[in-house]
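Worksheet for the structure shown next.
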Amino acid sequence: MDKANKQTTAMTMAGLNLIAQALSIYDDDLNLAVCNRRFQEMFALPDHLVTPGARFDDTIRFIALSGEYGPVEDIDDLVQQRVDQAKDFVPHYLERERGNGQMISIEGAPLPNGGWVTVYTDITHTKQVEHLLRARSEELSEQVLAHTEQLSATNRELAASNSSLEEIKSQLTEIERRTRLTTEMMPAHIAHVDEDGHYTYTNRRLSAVFPGRPSKILGLHMRDALGDSTYARIEPHLRAAYQGKNPVFEFTEDHGSHRIRVALTPDPSGGVYILSMDITEETQTRVALQQARRREMAAQMTSGLAHDFSNLLTIILGMQSKLEKLGLPTESGDLVQATLSAARRGGRLLNRIADMTGNRTLRPRATDMHALLRELKILATPSLPQAVGLSVLDNTPDPAVLLDPGMLQDALLNLILNARDACGTSGQITVSAHTVGETWLEISVNDTGPGFSSTALDKALNPFFTTKGGEGSGLGLPMVYDTVKLAGGDMHIGNTVSGASVTLRLPYRAAPDARGGLALLVEDSEDLRATFRDMLIDLGYSVIEATSVDEACALAADLPDISLILSDIHLQGDATGLDLLTRMQGSDLPCLLMTSLPVNDPLHQTALRHGPVLQKPFTTDQLSALLNPETTA
């Protein structure tokens, strides 16, 4: 705590100690937050019960044992009653006589953000005056009695007004409760900070958006709740919000590499409102769509050019073949052969362009990463010189991962062959794979070659850029980059102290762990339901069926043995398969979606953020591929 905060705390406590009443504040877990000296003196409490963190039930027990409540038959029962009353967090006012004859009033009220404040007032003198007034009431004049009756009538009116106010207060409390419940159910962190950056409100969802951070952050500074690194990324935008701007920005946080979107809104009364959301899956889907659009545009631009160029190469090859048969001098024959070789190379280049810009569709399936990496080493080793070693460091999890194993293996083989060319006749190539939190699958290929030149670092991902002269097409790394982007991931190239490094990051999605058992099929078409039922039975499942989300949820609640849910996106009623996913959140049931909607349909795109979607029509083998680990395409 800095000097200013210490001074503020000392001044606050000095002010509380000047109050004539005893005061205590407990948090929503009924642990002491703060109290004044009068509270300790009134009940003769020992120091450990007036230290922040002291338990409410321990204090009640001490007070009861000291005779505060008179004779008590069951101390434990009395303590439990007081704790239950406090946990109700209902405002109250009462007056009682203490064991020493002192009369006190006790007024308790809940705090808006959780917690409880209680004020104890010595009203002994007031009660004595009231007793004297009652004793002398017979001596009061008729005029005083009339005034008394008028005051009584006024009091009754005030009581009626108070009843109305209490009802309004009750309604406001209920509205606040519903509002808090609503905000706490949202998949986002909603908060408010004051002018100094301390949290004054939170919907307790910080840890859901920023894993590893605390949920109880009221009163904390943003730096203490988020950590120095994350706060440093937010702080410039926070300053802008304090100046009246409305910044919206994204960044990748360090703990689990989650992609976070933050919106800041100035509070006219002071401070800033904060909305934070985890958009990792949205970002992965957006990257994949952008790459698909770029590839589509590239295909449109190159298809006509490739067609015409292919015709020209065909003519050149034909003409050179005729020249070859004319019995030309040796020097001319060599030129003909060189021309033929160049034309054939142009043809191979056209094929590579077609591969890169053509319709490459990802086919994700449950993949055993251990088996894929073992097979990768077997496939790559024969193509390496004897003095070039290949190591595979496998730190991937055991459960199957959803990805396209064929595309990934082709990409890794491409990188290994590039690393071989960089190493020359001797060196070492290392492939390492691990997960980053539960967000990414990261695979790196490092070599001990000369590394990327500064030019290569800038242009290596550009099509047709090569450092291999006439032997390279310049499409290897761009095709790997294309593969990774199609999957919603990213690729980074760089240099280490020993050579070049290429790192692939793919979205980490665990495959459904379901082999046999009871399957819940949710499909509103009777004919299709029969087809899918037969598929599931062929894969070893027993099948129960539903036609709507409500029916599916009711069956899932009644049947705990369900091991798989296969649901269409379009269903009977207003709810969709996406609503079924939402309602099943929190359960461990694997849930696969299927649809006949085109890939560019908004519902299909939303479903892709949650995992792969089976595109109708599909086969039993395609369904099985999503449920059982494979290593080949």
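In the structure tokens, the first chain shown is A, the next is B, and so on; residue numbers restart at 1 for each chain, and ligands run from 1 in the order shown.
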
Using DSSP on the backbone coordinates, identify all residues within segment 434-631 of chain A classified as alpha helix (DSSP H); present the result as a PyMOL selection string.
chain A and resi 454-459+476-486+526-538+549-558+577-583+602-608+620-627

Find the spatial neighbours of Thr576 of chain A, counting only C-alpha atoms, within a cut-off of 10 Å - ignore same-chain residues fewer than 4 positions away - and output them as a PyMOL selection string.
chain A and resi 548-549+567-572+580-581+603

Using only C-alpha atoms, the residue out of A:Leu65, A:Val599, A:Ile416, A:Cys423 with shortest distance to Gly499 of chain A is A:Cys423

Interatomic distance, atom CA of Thr425 of chain A to atom CA of Asp394 of chain A (Å, one decimal):
25.9 Å

9 Å contact set for Tyr201 of chain A, only C-alpha atoms, chain neighbours under 3 positions out, as JSON, numbers by chain
{"A": [113, 190, 191, 192, 193, 204, 217, 218, 219]}

If I take atom CA of Ile106 of chain A and atom CA of Ala22 of chain A, how far is one from the other in Å, to one decimal?
9.6 Å

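The interatomic distance for the pair atom CA of Gln102 of chain A and atom CA of Gly53 of chain A works out to 28.6 Å.
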
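Excluding Ser66 of chain A itself and same-chain residues fewer than 2 positions from it, the residues having an atom within 10 Å of it are Phe43, Ala44, Leu45, Ile60, Arg61, Phe62, Ile63, Ala64, Glu68, Tyr69, Gly70 and Gly99 of chain A, counting only C-alpha atoms.
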
List the neighbours of Ala530 of chain A out to 12 Å using only C-alpha atoms; skip same-chain residues closer than 6 positions along the sequence, and give me the result as a PyMOL selection string.
chain A and resi 521-524+536-537+543-546

Can I get the selected residues back with C-alpha atoms, as a CSV table (one decimal), in the first residue's frame?
chain,number,residue,atom,x,y,z
A,521,LEU,CA,-30.4,-38.1,-32.1
A,522,VAL,CA,-32.1,-34.7,-32.5
A,523,GLU,CA,-33.7,-34.4,-36.0
A,524,ASP,CA,-37.2,-33.3,-37.0
A,536,LEU,CA,-25.2,-44.6,-35.2
A,537,ILE,CA,-26.2,-48.2,-34.7
A,543,VAL,CA,-30.2,-44.6,-30.1
A,544,ILE,CA,-33.0,-42.5,-28.6
A,545,GLU,CA,-34.6,-39.8,-30.6
A,546,ALA,CA,-36.0,-36.2,-30.2

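Of the listed residues (A:Thr230, A:Gln21, A:Gln605, A:Ser269), A:Thr230 comes nearest to Glu250 of chain A; the distances count only C-alpha atoms.
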
Residues flagged strand (DSSP E or B) by DSSP in segment 346-577 of chain A, as a PyMOL selection string:
chain A and resi 365-367+387-395+401-403+426-436+440-447+490-495+500-507+510+517-522+541-546+562-568

Considering only C-alpha atoms, state which residue in the set A:Ala188, A:Ile123, A:Ile429, A:Ala232 is at the smallest distance from Phe210 of chain A.
A:Ala188

For segment 273-278 of chain A, list every protein, DNA or RNA residue within 8 Å, evaluated using only C-alpha atoms, and leave out those in the same chain fewer than 6 positions away; present the list as a ChimeraX atom specification.
/A:187-193,209,258-267
